[in-house]
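Structure below is model.txt: compact mmCIF, C-alpha atoms.
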# COMPACT_ATOMS: atom_id res chain seq x y z
CA MET E 29 -4.97 43.91 -13.43
CA GLY E 30 -7.02 44.69 -10.31
CA PHE E 31 -5.51 47.31 -8.03
CA GLU E 32 -5.62 44.86 -5.10
CA PHE E 33 -3.24 42.50 -6.90
CA PHE E 34 -1.06 45.44 -7.99
CA ILE E 35 -0.69 46.73 -4.41
CA SER E 36 -0.08 43.20 -3.06
CA ARG E 37 2.73 42.73 -5.56
CA ARG E 38 4.26 46.08 -4.59
CA TYR E 39 4.17 45.11 -0.92
CA LEU E 40 5.95 41.86 -1.76
CA ARG E 41 8.62 43.43 -3.96
CA THR E 42 9.43 46.57 -1.97
CA LYS E 43 11.71 46.46 1.04
CA GLN E 44 9.91 46.70 4.36
CA LYS E 45 10.80 49.33 6.93
CA GLN E 46 11.32 46.54 9.43
CA SER E 47 13.63 43.91 7.90
CA PHE E 48 12.24 41.42 10.43
CA ILE E 49 9.00 41.28 8.44
CA SER E 50 10.92 40.36 5.27
CA LEU E 51 12.77 37.62 7.19
CA ILE E 52 9.47 36.15 8.43
CA THR E 53 8.15 36.17 4.86
CA VAL E 54 11.20 34.26 3.61
CA LEU E 55 10.92 31.79 6.49
CA SER E 56 7.21 31.33 5.73
CA ILE E 57 7.99 30.43 2.10
CA ALA E 58 10.74 28.04 3.23
CA GLY E 59 8.47 26.45 5.83
CA VAL E 60 5.66 25.80 3.36
CA ALA E 61 8.17 24.42 0.83
CA ILE E 62 9.74 22.05 3.37
CA GLY E 63 6.34 20.87 4.60
CA VAL E 64 5.03 20.19 1.10
CA MET E 65 8.28 18.47 0.08
CA ALA E 66 8.24 16.21 3.16
CA LEU E 67 4.59 15.33 2.57
CA ILE E 68 5.18 14.38 -1.07
CA ILE E 69 8.21 12.20 -0.27
CA VAL E 70 6.63 10.40 2.69
CA ILE E 71 3.32 9.74 0.92
CA ALA E 72 5.20 8.52 -2.19
CA VAL E 73 7.31 6.13 -0.11
CA MET E 74 4.25 4.78 1.72
CA ALA E 75 2.43 4.31 -1.60
CA GLY E 76 5.49 2.45 -2.88
CA PHE E 77 5.50 0.14 0.15
CA GLU E 78 1.77 -0.54 -0.26
CA THR E 79 2.11 -1.34 -3.97
CA ASP E 80 5.11 -3.59 -3.40
CA LEU E 81 3.32 -5.39 -0.57
CA LYS E 82 0.24 -5.94 -2.75
CA SER E 83 2.33 -7.43 -5.55
CA ARG E 84 4.06 -9.81 -3.14
CA ILE E 85 0.80 -10.90 -1.52
CA LEU E 86 -0.83 -11.50 -4.90
CA GLY E 87 2.23 -13.49 -5.94
CA VAL E 88 1.22 -16.13 -3.39
CA GLU E 89 -2.49 -15.62 -2.81
CA PRO E 90 -5.16 -15.78 -5.55
CA HIS E 91 -7.34 -12.83 -6.50
CA LEU E 92 -10.51 -14.74 -5.59
CA VAL E 93 -11.22 -17.91 -3.64
CA ILE E 94 -14.42 -19.95 -4.10
CA GLU E 95 -15.30 -22.29 -1.22
CA LYS E 96 -18.31 -24.38 -0.22
CA LYS E 97 -20.37 -23.01 2.66
CA GLN E 98 -21.21 -26.43 4.06
CA GLY E 99 -20.31 -29.99 3.19
CA LYS E 100 -17.69 -31.34 0.81
CA PHE E 101 -16.65 -29.55 -2.36
CA ILE E 102 -16.92 -32.48 -4.79
CA ASP E 103 -18.34 -30.83 -7.92
CA GLY E 104 -15.21 -28.84 -8.65
CA ASP E 105 -15.15 -29.45 -12.41
CA ASN E 106 -18.71 -28.17 -12.92
CA VAL E 107 -18.13 -25.09 -10.78
CA LYS E 108 -14.80 -24.42 -12.50
CA GLU E 109 -16.49 -24.51 -15.90
CA LYS E 110 -19.12 -21.97 -14.79
CA VAL E 111 -16.52 -19.72 -13.15
CA SER E 112 -14.26 -19.74 -16.23
CA ALA E 113 -17.17 -18.50 -18.34
CA VAL E 114 -17.61 -15.35 -16.21
CA SER E 115 -16.28 -12.16 -17.78
CA GLY E 116 -13.04 -10.93 -16.20
CA VAL E 117 -11.81 -14.37 -15.05
CA LYS E 118 -8.33 -15.13 -16.38
CA SER E 119 -7.90 -18.63 -14.92
CA ALA E 120 -9.39 -20.95 -12.31
CA SER E 121 -7.74 -23.93 -10.64
CA ALA E 122 -8.60 -26.34 -7.86
CA PHE E 123 -6.62 -26.48 -4.61
CA ILE E 124 -6.53 -28.37 -1.34
CA SER E 125 -5.36 -26.61 1.81
CA ALA E 126 -4.69 -28.20 5.20
CA GLN E 127 -2.71 -27.80 8.41
CA VAL E 128 0.07 -30.39 8.67
CA MET E 129 3.32 -31.13 10.47
CA LEU E 130 6.66 -31.23 8.66
CA ARG E 131 9.41 -33.37 10.16
CA SER E 132 13.03 -33.43 9.10
CA ASP E 133 15.74 -35.61 10.57
CA SER E 134 16.27 -33.20 13.44
CA ARG E 135 13.33 -30.78 13.69
CA LEU E 136 9.54 -30.54 13.58
CA SER E 137 7.34 -27.63 12.54
CA GLY E 138 3.72 -26.88 11.70
CA ALA E 139 2.84 -25.70 8.20
CA LEU E 140 -0.02 -24.85 5.88
CA VAL E 141 0.27 -27.14 2.87
CA HIS E 142 -1.37 -26.27 -0.44
CA GLY E 143 -2.06 -28.92 -3.01
CA VAL E 144 -2.04 -27.10 -6.36
CA GLN E 145 -1.80 -27.72 -10.05
CA PRO E 146 1.82 -26.94 -11.04
CA ASN E 147 0.99 -24.26 -13.61
CA ALA E 148 -1.67 -22.58 -11.45
CA ILE E 149 0.50 -20.22 -9.39
CA SER E 150 3.90 -18.60 -9.40
CA PRO E 151 4.95 -17.49 -5.90
CA LYS E 152 6.81 -14.18 -5.79
CA GLY E 153 10.59 -14.42 -5.71
CA THR E 154 10.89 -18.14 -6.42
CA ASN E 155 12.35 -20.04 -9.31
CA TRP E 156 9.07 -21.88 -9.70
CA GLU E 157 9.51 -25.12 -11.58
CA PRO E 158 6.15 -26.52 -12.75
CA LYS E 159 7.67 -29.92 -13.48
CA ALA E 160 9.15 -30.18 -10.00
CA LEU E 161 5.82 -31.10 -8.44
CA GLU E 162 5.07 -33.63 -11.16
CA LEU E 163 7.54 -36.14 -9.74
CA VAL E 164 4.50 -37.84 -8.26
CA HIS E 165 3.66 -39.13 -11.73
CA THR E 166 7.05 -40.78 -12.29
CA LYS E 167 6.53 -44.46 -12.90
CA VAL E 168 8.62 -47.30 -11.55
CA THR E 169 11.35 -48.13 -14.05
CA GLN E 170 13.72 -51.10 -14.08
CA GLY E 171 12.40 -52.33 -10.80
CA LYS E 172 13.40 -49.15 -8.98
CA PRO E 173 10.83 -47.33 -6.85
CA ALA E 174 9.68 -43.90 -7.94
CA PRO E 175 11.38 -41.00 -6.18
CA ALA E 176 9.54 -39.16 -3.43
CA PRO E 177 7.09 -36.52 -4.72
CA GLY E 178 8.27 -32.94 -4.69
CA ILE E 179 7.47 -30.20 -2.19
CA ILE E 180 8.30 -26.50 -2.35
CA LEU E 181 8.85 -24.77 1.00
CA GLY E 182 8.87 -21.16 2.11
CA LYS E 183 12.41 -19.92 2.71
CA GLU E 184 11.89 -19.36 6.44
CA LEU E 185 10.03 -22.66 6.85
CA ALA E 186 12.92 -24.55 5.26
CA ARG E 187 15.33 -22.76 7.59
CA SER E 188 13.24 -23.53 10.67
CA ILE E 189 13.28 -27.29 10.04
CA GLY E 190 16.88 -27.25 8.77
CA VAL E 191 16.53 -28.70 5.27
CA LEU E 192 18.18 -27.96 1.93
CA LYS E 193 17.14 -28.58 -1.63
CA GLY E 194 17.21 -32.32 -2.28
CA ASP E 195 16.62 -33.33 1.35
CA THR E 196 13.77 -35.64 2.30
CA ILE E 197 11.13 -34.64 4.84
CA ARG E 198 8.00 -36.29 6.20
CA LEU E 199 4.61 -34.66 5.97
CA ILE E 200 2.22 -35.70 8.74
CA SER E 201 -1.50 -35.11 8.31
CA PRO E 202 -4.13 -35.57 11.06
CA ARG E 203 -6.45 -37.15 8.48
CA GLY E 204 -5.27 -40.71 8.86
CA MET E 205 -7.09 -43.95 9.43
CA ILE E 206 -8.75 -45.82 12.28
CA ALA E 207 -6.73 -48.86 13.37
CA PRO E 208 -7.22 -51.38 16.18
CA ILE E 209 -4.83 -49.33 18.30
CA GLY E 210 -6.70 -46.09 17.57
CA HIS E 211 -6.40 -43.21 15.14
CA LEU E 212 -3.21 -43.21 13.05
CA PRO E 213 -2.12 -40.02 11.29
CA SER E 214 -1.27 -40.11 7.62
CA MET E 215 2.46 -39.71 6.86
CA LYS E 216 4.36 -39.54 3.59
CA LYS E 217 7.87 -38.69 2.44
CA PHE E 218 8.51 -35.68 0.20
CA ARG E 219 11.66 -34.34 -1.40
CA VAL E 220 12.43 -30.62 -1.22
CA VAL E 221 12.64 -29.46 -4.85
CA GLY E 222 12.64 -25.69 -4.34
CA TYR E 223 11.99 -22.65 -2.17
CA PHE E 224 10.00 -19.47 -2.51
CA ASP E 225 10.74 -16.11 -0.91
CA SER E 226 7.85 -13.65 -0.96
CA GLY E 227 9.46 -11.33 1.58
CA ILE E 228 6.47 -11.70 3.92
CA TYR E 229 7.32 -13.81 6.96
CA GLU E 230 3.76 -15.08 7.42
CA TYR E 231 3.96 -16.85 4.07
CA ASP E 232 7.65 -17.75 3.98
CA GLY E 233 7.49 -19.27 7.47
CA SER E 234 4.37 -21.40 7.11
CA TYR E 235 3.49 -22.17 3.46
CA ALA E 236 4.38 -25.31 1.50
CA PHE E 237 3.21 -26.47 -1.93
CA ILE E 238 2.70 -30.00 -3.22
CA HIS E 239 0.95 -31.47 -6.26
CA LEU E 240 -2.86 -31.50 -6.13
CA ASP E 241 -3.07 -35.26 -6.79
CA GLU E 242 -0.63 -35.96 -3.99
CA ALA E 243 -2.63 -33.76 -1.61
CA ARG E 244 -5.76 -35.72 -2.46
CA LYS E 245 -4.06 -38.98 -1.51
CA LEU E 246 -2.62 -37.55 1.68
CA MET E 247 -5.87 -35.94 2.82
CA ARG E 248 -7.97 -38.90 1.61
CA MET E 249 -10.06 -36.71 -0.69
CA PRO E 250 -10.10 -38.63 -4.01
CA ASP E 251 -12.82 -36.45 -5.56
CA GLY E 252 -12.93 -33.44 -3.24
CA ILE E 253 -11.14 -30.12 -3.10
CA THR E 254 -10.96 -27.25 -0.65
CA GLY E 255 -11.91 -24.65 -3.23
CA LEU E 256 -11.02 -22.83 -6.44
CA GLU E 257 -8.28 -20.24 -6.83
CA ILE E 258 -9.15 -17.59 -9.41
CA ARG E 259 -6.91 -15.11 -11.21
CA LEU E 260 -8.49 -12.02 -12.76
CA ASP E 261 -7.66 -9.65 -15.59
CA ASP E 262 -8.27 -6.67 -13.28
CA ILE E 263 -7.45 -7.23 -9.61
CA TYR E 264 -9.38 -4.11 -8.54
CA GLY E 265 -12.55 -5.48 -10.09
CA ALA E 266 -12.47 -8.52 -7.78
CA ALA E 267 -15.60 -7.49 -5.86
CA ASP E 268 -17.73 -7.12 -9.01
CA VAL E 269 -16.41 -10.34 -10.55
CA GLY E 270 -17.09 -12.13 -7.25
CA LYS E 271 -20.74 -11.03 -7.37
CA SER E 272 -21.05 -12.24 -10.96
CA ILE E 273 -19.57 -15.61 -9.99
CA MET E 274 -21.98 -15.97 -7.08
CA ASP E 275 -24.91 -15.27 -9.42
CA SER E 276 -23.60 -17.99 -11.72
CA ILE E 277 -22.84 -20.81 -9.25
CA GLY E 278 -25.54 -20.25 -6.62
CA ILE E 279 -25.82 -19.57 -2.90
CA ASP E 280 -24.17 -22.80 -1.73
CA TYR E 281 -20.75 -21.24 -2.24
CA ILE E 282 -18.90 -18.21 -0.94
CA ALA E 283 -16.47 -15.97 -2.82
CA ARG E 284 -13.71 -14.08 -0.98
CA ASN E 285 -11.47 -11.61 -2.79
CA TRP E 286 -7.91 -10.61 -1.95
CA MET E 287 -9.02 -7.32 -0.37
CA GLN E 288 -11.32 -9.14 2.07
CA MET E 289 -8.67 -11.73 2.95
CA ASN E 290 -6.14 -8.97 3.77
CA LYS E 291 -8.60 -6.36 5.05
CA ASN E 292 -6.82 -5.74 8.37
CA LEU E 293 -3.43 -5.23 6.71
CA PHE E 294 -4.64 -2.78 4.07
CA SER E 295 -6.82 -0.93 6.61
CA ALA E 296 -3.74 -0.47 8.82
CA LEU E 297 -1.71 0.83 5.85
CA LYS E 298 -4.47 3.27 4.90
CA LEU E 299 -4.77 4.53 8.49
CA GLU E 300 -1.00 4.94 8.75
CA LYS E 301 -0.92 6.92 5.50
CA THR E 302 -3.72 9.20 6.73
CA VAL E 303 -2.05 9.79 10.11
CA MET E 304 1.28 10.60 8.48
CA PHE E 305 -0.48 13.08 6.18
CA ILE E 306 -2.06 14.84 9.18
CA ILE E 307 1.19 14.91 11.19
CA LEU E 308 3.29 16.28 8.34
CA ALA E 309 0.57 18.79 7.45
CA LEU E 310 1.33 20.41 10.81
CA ILE E 311 4.62 21.58 9.30
CA VAL E 312 2.65 23.50 6.68
CA LEU E 313 0.36 24.79 9.43
CA VAL E 314 3.34 26.20 11.37
CA ALA E 315 4.56 27.92 8.20
CA ALA E 316 1.04 29.27 7.65
CA LEU E 317 1.10 30.77 11.15
CA ASN E 318 4.30 32.57 10.14
CA ILE E 319 2.41 33.94 7.13
CA ALA E 320 -0.33 35.19 9.47
CA GLY E 321 2.29 36.75 11.75
CA SER E 322 4.03 38.57 8.90
CA LEU E 323 0.69 39.87 7.58
CA ILE E 324 -0.34 41.16 11.00
CA MET E 325 2.96 43.01 11.34
CA MET E 326 2.54 44.40 7.82
CA VAL E 327 -0.97 45.63 8.67
CA MET E 328 0.52 47.49 11.63
CA GLU E 329 3.26 48.98 9.41
CA LYS E 330 0.93 49.94 6.54
CA THR E 331 -1.72 51.62 8.71
CA LYS E 332 -1.37 54.98 6.96
CA ASP E 333 -1.44 53.34 3.51
CA ILE E 334 -4.68 51.57 4.42
CA ALA E 335 -6.21 54.82 5.66
CA ILE E 336 -5.26 56.65 2.45
CA LEU E 337 -6.71 53.84 0.31
CA LYS E 338 -9.99 54.01 2.23
CA THR E 339 -10.23 57.77 1.88
CA MET E 340 -9.69 57.30 -1.86
CA GLY E 341 -12.72 54.99 -2.07
CA ALA E 342 -11.43 51.48 -1.26
CA ASN E 343 -13.95 49.47 0.73
CA HIS E 344 -13.48 46.77 3.38
CA LYS E 345 -13.51 44.01 0.75
CA ASN E 346 -10.75 45.68 -1.31
CA ILE E 347 -8.45 46.11 1.69
CA GLY E 348 -8.98 42.53 2.85
CA LYS E 349 -8.29 41.26 -0.65
CA ILE E 350 -4.87 42.95 -0.72
CA PHE E 351 -3.58 41.00 2.26
CA ILE E 352 -5.29 37.75 1.28
CA ILE E 353 -3.62 37.91 -2.13
CA LYS E 354 -0.24 38.60 -0.55
CA GLY E 355 -0.63 35.62 1.81
CA LEU E 356 -1.74 33.35 -1.03
CA VAL E 357 1.22 34.42 -3.18
CA ILE E 358 3.60 33.54 -0.32
CA GLY E 359 1.83 30.19 0.13
CA ALA E 360 1.85 29.51 -3.63
CA MET E 361 5.58 30.21 -3.86
CA GLY E 362 6.29 27.78 -1.03
CA THR E 363 3.90 25.17 -2.47
CA VAL E 364 5.41 25.34 -5.95
CA LEU E 365 8.97 25.10 -4.62
CA GLY E 366 8.05 22.22 -2.29
CA THR E 367 6.24 20.36 -5.07
CA LEU E 368 9.15 20.73 -7.48
CA PHE E 369 11.81 19.63 -4.98
CA GLY E 370 9.59 16.83 -3.61
CA CYS E 371 8.89 15.37 -7.06
CA LEU E 372 12.55 15.75 -8.05
CA LEU E 373 13.75 13.87 -4.95
CA CYS E 374 11.16 11.11 -5.53
CA ILE E 375 12.38 10.68 -9.12
CA LEU E 376 16.01 10.54 -7.96
CA LEU E 377 15.16 8.03 -5.22
CA GLU E 378 13.35 5.81 -7.70
CA LYS E 379 16.05 6.00 -10.35
CA TYR E 380 19.30 5.85 -8.37
CA GLN E 381 18.10 4.11 -5.16
CA PHE E 382 20.80 5.77 -3.05
CA ILE E 383 18.96 4.99 0.20
CA LYS E 384 19.48 1.36 1.17
CA LEU E 385 17.52 -0.60 3.77
CA PRO E 386 19.06 -3.33 5.98
CA GLY E 387 18.07 -6.70 4.55
CA ASP E 388 17.97 -8.35 7.98
CA VAL E 389 15.26 -5.91 9.16
CA TYR E 390 13.13 -5.19 6.07
CA TYR E 391 11.94 -7.56 3.37
CA ILE E 392 13.38 -5.25 0.70
CA THR E 393 16.79 -3.60 0.40
CA ARG E 394 15.75 -0.38 -1.35
CA LEU E 395 13.29 2.38 -0.59
CA PRO E 396 10.23 1.91 -2.81
CA VAL E 397 8.81 5.12 -4.29
CA GLN E 398 5.57 5.54 -6.22
CA LEU E 399 4.76 9.12 -7.12
CA GLU E 400 1.06 9.55 -7.83
CA MET E 401 -0.17 12.81 -9.29
CA VAL E 402 -3.43 12.54 -7.36
CA ASP E 403 -1.51 12.61 -4.07
CA VAL E 404 0.68 15.48 -5.26
CA GLY E 405 -2.39 17.49 -6.27
CA LEU E 406 -4.12 16.78 -2.95
CA ILE E 407 -1.05 17.90 -0.99
CA ALA E 408 -0.72 21.11 -3.02
CA VAL E 409 -4.40 21.98 -2.63
CA SER E 410 -4.28 21.23 1.11
CA ALA E 411 -1.26 23.50 1.55
CA MET E 412 -2.99 26.35 -0.29
CA VAL E 413 -6.16 25.94 1.78
CA ILE E 414 -4.14 26.12 5.01
CA CYS E 415 -2.35 29.25 3.77
CA PHE E 416 -5.67 30.83 2.79
CA LEU E 417 -7.14 30.20 6.24
CA ALA E 418 -4.07 31.84 7.79
CA THR E 419 -4.73 35.08 5.85
CA ILE E 420 -8.34 35.54 6.97
CA TYR E 421 -7.65 37.08 10.41
CA PRO E 422 -5.01 39.64 9.27
CA ALA E 423 -7.22 40.60 6.29
CA ARG E 424 -10.23 41.21 8.57
CA LYS E 425 -8.13 43.34 10.93
CA ALA E 426 -6.91 45.44 8.00
CA SER E 427 -10.38 45.86 6.48
CA CYS E 428 -11.91 46.95 9.83
CA LEU E 429 -9.30 49.66 10.38
CA ASN E 430 -10.82 53.14 10.90
CA PRO E 431 -9.07 55.60 8.51
CA LEU E 432 -9.53 58.60 10.90
CA ASP E 433 -7.86 56.72 13.76
CA ALA E 434 -5.12 55.49 11.44
CA ILE E 435 -4.28 59.01 10.23
CA ARG E 436 -4.59 60.51 13.72
CA TYR E 437 -2.53 57.96 15.62
CA GLY E 438 -0.50 56.38 12.80

I need this file expressed as structure tokens, please.
Amino acid sequence: MGFEFFISRRYLRTKQKQSFISLITVLSIAGVAIGVMALIIVIAVMAGFETDLKSRILGVEPHLVIEKKQGKFIDGDNVKEKVSAVSGVKSASAFISAQVMLRSDSRLSGALVHGVQPNAISPKGTNWEPKALELVHTKVTQGKPAPAPGIILGKELARSIGVLKGDTIRLISPRGMIAPIGHLPSMKKFRVVGYFDSGIYEYDGSYAFIHLDEARKLMRMPDGITGLEIRLDDIYGAADVGKSIMDSIGIDYIARNWMQMNKNLFSALKLEKTVMFIILALIVLVAALNIAGSLIMMVMEKTKDIAILKTMGANHKNIGKIFIIKGLVIGAMGTVLGTLFGCLLCILLEKYQFIKLPGDVYYITRLPVQLEMVDVGLIAVSAMVICFLATIYPARKASCLNPLDAIRYG
């Protein structure tokens, strides 16, 4: 054991002449612990929100979308075959997307309708019934007309137009026909066969799903599609898979992944997480200033000890090391305690969910927590770096102390 560490430990364990110094040391440890604990909990909660939001978005949106740059997308089957052969692609399905108006008996609202293959998607939070949209294929039996084709509405969209499951609505598309009296919009009846609730108002308040064949009839696109929706084995490899797909199908198409389509949202979440890290790190900084204050006061109290050590052969580096080690030990104690309590609280929050969120304000009713060891390690290292920086000034003051002056005036 080096004598610097031995003396630092003695200074920590022995009672100070001024009890105020000991109180500042205890408060410094507590401050670092509270700061580290708060950082771990807040970052874990924000990571939980981000993960939950990603899962809900990807429950409605595809991982990749392939669209035509110009002109009509009429060679969907050929492109789909090439895309399905690319490594990493789990499934590919055609879709038609268009802005329409939905009219119930009493209300009218705009919506974004998606014509999809029933087994292609499974919106988050819905009891998705693949056969529900296949009502369009029901044939006329016993002279009775086939029932209206099915439509699945977002929960908020259904509420805004005042319809329930089983009600009939009219879907109005601007792509109609030219008649002697002018342009006539296309209109068709649909029966509400289900809802979906992703928890994201943008989707729940504007999205509707119908069968792909029915969308083709409504939009007068017998052979065309809007694009291809692609699901991947690894969602974080979407950029690389997109490049491989573009190499396979040519430059006439464009591939957009889920990160590009939600770039603003995820950029805002990342910025918010960074800002919260900086703000809460100030708590650790305040505690580190307490460490610096306690070390400065200790240097003043141990002036004679420093002088004696220098006369015995200790150099500037040895003296500075003593106080740096003491400051780092204080910081390490606070960091370890804060890490333990922070991780413990995160585990309890995730397991028992004793903090509830109001359902009428947030899209979830519990506090999501995702504890990542990378974040915990980064927080612990950052706290130790701040504590180390706080020890530099007191250590320099102690190392520059003149032993003759210390003995004469101490």

Could you build a table of the residues in range 227-277 of chain E lying no more than 9 Å from range 100-110 of chain E, giving for each the nearest pair of atoms and their separation in Å rounded to one decimal place, using all atoms listed in the file, ordered by chain and ascending residue number, as CSV?
residue,atom,partner,partner_atom,distance
E:Asp251,CA,E:Ile102,CA,5.8
E:Gly252,CA,E:Ile102,CA,4.4
E:Ile253,CA,E:Phe101,CA,5.6
E:Thr254,CA,E:Phe101,CA,6.4
E:Gly255,CA,E:Phe101,CA,6.9
E:Leu256,CA,E:Lys108,CA,7.3
E:Ile273,CA,E:Lys110,CA,8.0
E:Ser276,CA,E:Lys110,CA,6.7
E:Ile277,CA,E:Val107,CA,6.5

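Across E:Val54, E:Ile407, E:Leu356, E:Leu92, the tightest approach to Asn285 in chain E is made by E:Leu92 when counting all atoms listed in the file.
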
Near-Ile238 in chain E list (7 Å; all atoms listed in the file; drop same-chain fewer than 2 positions) as a ChimeraX atom specification: /E:142-144,161,178-180,236,240,242-243

Ref. answer, residues at most 12 Å from (17.1, 2.8, -0.5) with only C-alpha atoms, as a PyMOL selection string: chain E and resi 73+76-77+374+376-387+390+392-397

Kindly compute an axis-aligned box around the listed atoms of range 132-141 of chain E, allowing 3 Å on each side, and express its centre and edge lengths in Å to one decimal as AutoDock Vina command-line options.
--center_x 8.1 --center_y -30.2 --center_z 8.3 --size_x 22.3 --size_y 16.8 --size_z 16.8

Residue with smallest distance to His91 in chain E - pool E:Ser201, E:Ser137, E:Ser121, E:Asn343, counting all atoms listed in the file: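 Result for the nearest residue to His91 in chain E: E:Ser121.
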